Amino acid sequence: MKPAFAAALLLMTSSAQAAWLQVCPASSAPAGAPRAALPGPGEMVVVASASAALPGCRALPLGVDMSQVEALYPLAPQDKPARTILLYGPLDGKRFAPGSHDLPQPDPAGATPRREPMPLRTNLLPDARVRTFGVEERVAIAHANGKLRIVCRAGSRAAGVLLDGAWYMPLASSSLGADYAASGAFSVQVADAASAARESSHAVGELGVSSSRRSTGLPLPAQLDRHGWRQFVILCPQEAATLELDSLRLEPAAAKAAPRSTWIWDRSEWMERGDALLAWARREAIGELFIVVTLDGPKVRNPAQLRAFVRKAHAAGIAVTSVEGDPHMVLANHRAATADRARAFAAYNRAAAPEERLRAMQFDVEPYLLPDAVLAPADRDRAYMAMARALREAAGDMAIDYVVPFWWWDKTELLDGLAKVADGLAVMDYRTAPDQIYGFAAPFLDWSAQHGKRVHIALEAGRVAPERQRRYVRADANEAGDLLLAQAGEVPVLVLLRQPVTRANAPLYRFSSERTLDGSATSFHGNKTALRRLLPELERDLGAWPGFAGIALHGWR
């Protein structure tokens with residue numbers, strides 16, 4: 001659709017009651033028709049009609065009867081669902097919405113799935129792909145049950161095994177750990193994209209002769225391009241030898257200390273009960289508070305009160321950062337007022353004594369919470385960066401952090417842009433499974449290492465409302481489905497049917513399962529004890545990145 005084309009999407013029926021999906025000018029939409037917003041200009045409406053088209057409209061026959069249509073769910077133009085579609089809704093009612101951060105999904109027929117970061121302190125062998133090499137064909141392997149046995153016959157030509165997997169190597173400070181026994185000295189090397197192109201690799205170290213099981217750590221070479229990691233190489237000695245490898249793993253370096261932090265959204269906590277708040281923070285080992293400060297345009301309303309609180313916090317070893325949050329801040333007509341907020345904090349810090357200064361200002365701005373009719377999905381990143389540049393100019397040399405969702409991990413252009421204007425990020429890594437927390441944190445911690453920035457990893461401890469999740473999977477040939485993926489111009493549209501059909505003019509998805517999400521996968525609200533146990537483990541591993549600024553806890557107080 002052209003941007004200037006104010007559009008509406010109409011679900012129509014012919015005289016035979018066949019359903020049509022139509023893109024029409026907004027002025028052609030019948031009054032009183034049910035509506036669902038289109039991304040960008042225009043809107044979607046569902047109506048019943050005997051006409052296959054309206055003047056000025058573009059029609060798409062869906063190949064199903066109008067009576068079967070339950071609802072329409074427009075997606076963003078860039079969304080390209082593949083095998084699975086998830087719909088979310090409240091426990092009471094039928095109001096569902098697509099899981100936007102679950103899209104786009106990789107197409108197994110052609111696209112490459114997202115690689116996961118190489119796990120830390122975990123044996124890589126169970127999931128590794130192992131291949132032998134050598135023109136003399138003198139290598140035999142047994143790879144099973146998470147162990148690898150390499151048997152080398154004597155020979156003068158290079159031979160050994162290559163180990164790779166569906167990972168990338170994160171930028172954490174780490175070494176290569178191994179548990180093994182060997183009857184000869186095996187050389188260990190590592191290849192990145194550049195060295196692999198030269199058919200060479202970087203030396204790591206040696207697994208020396210050891211008749212009994214031993215553990216060793218091999219430092220990774222400084223010249224290794226970790227993000228370009230391709231494979232590990234284990235070379236046979238020239239004489240006959242055997243290597244029994246029980247474990248090969250990435251061992252993180254010792255973690256640096258990083259303070260825990262938390263959000264305090266109720267400003268009365270610090271304004272009226274500041275001493276109690278600081279006492280609680282000390283008991284909870286909180287080293288930084290994100291607080292809400294009242295402003296009058298470009299000025300802090302009660303600077304003396306803020307100075308007194310920050311001074312007490314500083315004496316207790318607790319840093320204080322201001323936090324602002326409103327999705328409307330990305331809009332052009334809010335930009336001047338948003339910049340004034342940055343000017344207010346910058347002016348406060350300039351006038352304050354060192355022990356009274358805020359560590360930073362933080363902006364929790366989530367543009368995806370705005371209706372598509374207010375800000376089109378295609379314009380969100382551009383608007384966000386325009387806001388961030390305006391805030392950077394207004395803040396001067398005062399530090400600015402941004403709160404971002406974990407599913408922005410692949411927004412390379414946006415994150416590269418933020419690296420130029422932000423001092424750090426707080427990543428809403430709202431999961432409770434340790435492997436998921438790590439997997440979503442690693443790309444942002446790598447960003448911190450690449451750009452010399454700090455990153456907080458945030459976990460949720462507050463209440464999360466339960467919701468239903470419906471899972472739909474792509475229907476095979478001749479298999480019935482009750483969800484269509486239609487294309488209305490540039491916009492993909494999900495068409496939910498009341499009953500399954502075997503034929504339609506768009507790809508069919510079948511209902512697979514429905515479950516109630518009680519929030520336990522995203523929040524520790526019902527199990528803060530588990531979070532307390534998990535925190536040292538997370539801090540130990542995430543602290544291997546130099547830019548890790550600590551765990552931020554949301555809903556902790």
# chains A, B, ... in the order shown; residues from 1 in each chain; ligands from 1
$ closest_atom_pairs --of "range 285-375 of chain A" --to "range 262-269 of chain A" --cutoff "10 Å" --atoms "only C-alpha atoms" --output "JSON lines"
{"residue": "A:Ile286", "atom": "CA", "partner": "A:Thr262", "partner_atom": "CA", "distance": 7.2}
{"residue": "A:Gly287", "atom": "CA", "partner": "A:Thr262", "partner_atom": "CA", "distance": 8.7}
{"residue": "A:Glu288", "atom": "CA", "partner": "A:Thr262", "partner_atom": "CA", "distance": 6.7}
{"residue": "A:Leu289", "atom": "CA", "partner": "A:Thr262", "partner_atom": "CA", "distance": 5.4}
{"residue": "A:Phe290", "atom": "CA", "partner": "A:Trp263", "partner_atom": "CA", "distance": 4.6}
{"residue": "A:Ile291", "atom": "CA", "partner": "A:Ile264", "partner_atom": "CA", "distance": 5.1}
{"residue": "A:Val292", "atom": "CA", "partner": "A:Arg267", "partner_atom": "CA", "distance": 5.4}
{"residue": "A:Val293", "atom": "CA", "partner": "A:Arg267", "partner_atom": "CA", "distance": 6.7}
{"residue": "A:Thr294", "atom": "CA", "partner": "A:Arg267", "partner_atom": "CA", "distance": 8.1}
{"residue": "A:Thr321", "atom": "CA", "partner": "A:Trp263", "partner_atom": "CA", "distance": 9.4}
{"residue": "A:Ser322", "atom": "CA", "partner": "A:Trp263", "partner_atom": "CA", "distance": 9.5}
{"residue": "A:Val323", "atom": "CA", "partner": "A:Trp263", "partner_atom": "CA", "distance": 8.2}
{"residue": "A:Glu324", "atom": "CA", "partner": "A:Trp265", "partner_atom": "CA", "distance": 9.5}
$ residues_around --residues "Ser156 in chain A" --least-positions-apart "6" --cutoff "12 Å" --atoms "only C-alpha atoms" --output "PyMOL selection string"
chain A and resi 134-138+235-240
$ write_last_selection --atoms "all heavy atoms" --output "mmCIF file, in the first residue's frame"
data_model
loop_
_atom_site.group_PDB
_atom_site.id
_atom_site.type_symbol
_atom_site.label_atom_id
_atom_site.label_comp_id
_atom_site.auth_asym_id
_atom_site.auth_seq_id
_atom_site.Cartn_x
_atom_site.Cartn_y
_atom_site.Cartn_z
ATOM 1 N N GLY A 134 41.594 -35.551 6.957
ATOM 2 C CA GLY A 134 42.943 -36.060 6.740
ATOM 3 C C GLY A 134 42.987 -36.945 5.513
ATOM 4 O O GLY A 134 42.186 -37.876 5.383
ATOM 5 N N VAL A 135 43.935 -36.671 4.620
ATOM 6 C CA VAL A 135 44.006 -37.423 3.362
ATOM 7 C C VAL A 135 44.413 -38.869 3.597
ATOM 8 O O VAL A 135 44.155 -39.749 2.768
ATOM 9 C CB VAL A 135 44.977 -36.743 2.376
ATOM 10 C CG1 VAL A 135 44.458 -35.369 1.981
ATOM 11 C CG2 VAL A 135 46.392 -36.638 2.966
ATOM 12 N N GLU A 136 45.079 -39.135 4.729
ATOM 13 C CA GLU A 136 45.502 -40.506 5.011
ATOM 14 C C GLU A 136 44.386 -41.344 5.634
ATOM 15 O O GLU A 136 44.550 -42.555 5.819
ATOM 16 C CB GLU A 136 46.720 -40.499 5.951
ATOM 17 C CG GLU A 136 47.949 -39.862 5.336
ATOM 18 C CD GLU A 136 49.083 -39.714 6.336
ATOM 19 O OE1 GLU A 136 48.802 -39.376 7.516
ATOM 20 O OE2 GLU A 136 50.243 -39.930 5.951
ATOM 21 N N GLU A 137 43.283 -40.692 5.955
ATOM 22 C CA GLU A 137 42.121 -41.382 6.539
ATOM 23 C C GLU A 137 42.536 -42.272 7.707
ATOM 24 O O GLU A 137 42.197 -43.451 7.787
ATOM 25 C CB GLU A 137 41.391 -42.194 5.462
ATOM 26 C CG GLU A 137 40.821 -41.340 4.349
ATOM 27 C CD GLU A 137 40.026 -42.140 3.333
ATOM 28 O OE1 GLU A 137 40.019 -43.379 3.441
ATOM 29 O OE2 GLU A 137 39.425 -41.514 2.448
ATOM 30 N N ARG A 138 43.276 -41.658 8.628
ATOM 31 C CA ARG A 138 43.800 -42.436 9.756
ATOM 32 C C ARG A 138 43.075 -42.167 11.069
ATOM 33 O O ARG A 138 43.573 -42.508 12.134
ATOM 34 C CB ARG A 138 45.300 -42.154 9.922
ATOM 35 C CG ARG A 138 45.676 -40.697 10.228
ATOM 36 C CD ARG A 138 47.197 -40.541 10.170
ATOM 37 N NE ARG A 138 47.664 -39.187 10.459
ATOM 38 C CZ ARG A 138 48.104 -38.795 11.657
ATOM 39 N NH1 ARG A 138 48.109 -39.634 12.675
ATOM 40 N NH2 ARG A 138 48.538 -37.553 11.821
ATOM 41 N N LEU A 235 43.875 -31.916 16.539
ATOM 42 C CA LEU A 235 44.828 -32.542 15.635
ATOM 43 C C LEU A 235 45.463 -33.775 16.267
ATOM 44 O O LEU A 235 45.874 -33.747 17.444
ATOM 45 C CB LEU A 235 45.932 -31.559 15.267
ATOM 46 C CG LEU A 235 45.529 -30.375 14.359
ATOM 47 C CD1 LEU A 235 46.694 -29.408 14.241
ATOM 48 C CD2 LEU A 235 45.116 -30.878 12.993
ATOM 49 N N CYS A 236 45.542 -34.835 15.500
ATOM 50 C CA CYS A 236 46.223 -36.044 15.950
ATOM 51 C C CYS A 236 47.733 -35.819 15.964
ATOM 52 O O CYS A 236 48.274 -35.088 15.123
ATOM 53 C CB CYS A 236 45.936 -37.211 15.006
ATOM 54 S SG CYS A 236 44.216 -37.742 14.963
ATOM 55 N N PRO A 237 48.448 -36.479 16.881
ATOM 56 C CA PRO A 237 49.906 -36.493 16.774
ATOM 57 C C PRO A 237 50.329 -37.395 15.609
ATOM 58 O O PRO A 237 49.508 -38.115 15.040
ATOM 59 C CB PRO A 237 50.346 -37.080 18.118
ATOM 60 C CG PRO A 237 49.190 -37.909 18.572
ATOM 61 C CD PRO A 237 47.952 -37.229 18.048
ATOM 62 N N GLN A 238 51.595 -37.358 15.233
ATOM 63 C CA GLN A 238 52.058 -38.201 14.130
ATOM 64 C C GLN A 238 52.094 -39.676 14.519
ATOM 65 O O GLN A 238 51.900 -40.552 13.677
ATOM 66 C CB GLN A 238 53.451 -37.750 13.670
ATOM 67 C CG GLN A 238 53.434 -36.391 12.972
ATOM 68 C CD GLN A 238 54.764 -36.048 12.346
ATOM 69 O OE1 GLN A 238 55.784 -36.693 12.595
ATOM 70 N NE2 GLN A 238 54.761 -35.019 11.507
ATOM 71 N N GLU A 239 52.308 -39.955 15.807
ATOM 72 C CA GLU A 239 52.302 -41.342 16.247
ATOM 73 C C GLU A 239 50.864 -41.774 16.566
ATOM 74 O O GLU A 239 49.971 -40.943 16.702
ATOM 75 C CB GLU A 239 53.196 -41.524 17.479
ATOM 76 C CG GLU A 239 52.699 -40.819 18.734
ATOM 77 C CD GLU A 239 53.148 -39.372 18.843
ATOM 78 O OE1 GLU A 239 53.677 -38.837 17.826
ATOM 79 O OE2 GLU A 239 52.972 -38.773 19.910
ATOM 80 N N ALA A 240 50.643 -43.057 16.687
ATOM 81 C CA ALA A 240 49.323 -43.575 17.048
ATOM 82 C C ALA A 240 48.966 -43.126 18.461
ATOM 83 O O ALA A 240 49.807 -43.147 19.367
ATOM 84 C CB ALA A 240 49.318 -45.092 16.955
#
$ select_by_dssp --residues "range 301-435 of chain A" --states "helix (DSSP H, G or I)" --output "PyMOL selection string"
chain A and resi 303-315+327-330+332-351+354-356+367-369+377-395+406-408+412-421+434-435
$ select_by_dssp --residues "range 156-388 of chain A" --states "strand (DSSP E)" --output "MDAnalysis selection string"
chainID A and resid 160:164 167:168 174:182 186:192 202:207 210:219 229:235 241:252 260:264 286:291 295:296 299:300 319:324 360:363
$ closest_residue --among "A:Ala394, A:Leu459, A:Leu248, A:Leu538" --to "Asp164 in chain A" --atoms "only C-alpha atoms"
A:Leu248
$ closest_atom_pairs --of "range 59-164 of chain A" --to "range 441-450 of chain A" --cutoff "12 Å" --atoms "only C-alpha atoms" --output "CSV"
residue,atom,partner,partner_atom,distance
A:Arg114,CA,A:Pro443,CA,11.7
A:Arg115,CA,A:Pro443,CA,10.9
A:Glu116,CA,A:Ala442,CA,9.0
A:Pro117,CA,A:Ala442,CA,6.7
A:Met118,CA,A:Ala442,CA,9.4
A:Pro119,CA,A:Ala442,CA,9.8
A:Leu120,CA,A:Ala442,CA,10.7
$ residues_around --residues "Val493 in chain A" --least-positions-apart "3" --cutoff "9 Å" --atoms "only C-alpha atoms" --output "MDAnalysis selection string"
chainID A and resid 72:76 484:488
$ atom_distance --atom1 "CA of Arg474 in chain A" --atom2 "CA of Ala82 in chain A"
7.3 Å
$ residues_around --residues "Ala178 in chain A" --least-positions-apart "4" --cutoff "7 Å" --atoms "only C-alpha atoms" --output "ChimeraX atom specification"
/A:215-217,247-249
$ residues_around --residues "Ser67 in chain A" --least-positions-apart "3" --cutoff "10 Å" --atoms "only C-alpha atoms" --output "VMD selection string"
chain A and resid 13 17 to 19 48 64 70 497 to 499
$ residues_around --residues "range 359-367 of chain A" --least-positions-apart "6" --cutoff "8 Å" --atoms "only C-alpha atoms" --output "PyMOL selection string"
chain A and resi 290+319-330+342+345+375+380+384+398-404
$ residues_around --residues "Gly228 in chain A" --least-positions-apart "3" --cutoff "9 Å" --atoms "only C-alpha atoms" --output "ChimeraX atom specification"
/A:168-169,191-194,224-225
$ closest_residue --among "A:Leu535, A:Ala308, A:Ala281, A:Val139" --to "Thr242 in chain A" --atoms "only C-alpha atoms"
A:Val139
$ atom_distance --atom1 "CA of Trp167 in chain A" --atom2 "CA of Ile457 in chain A"
21.2 Å
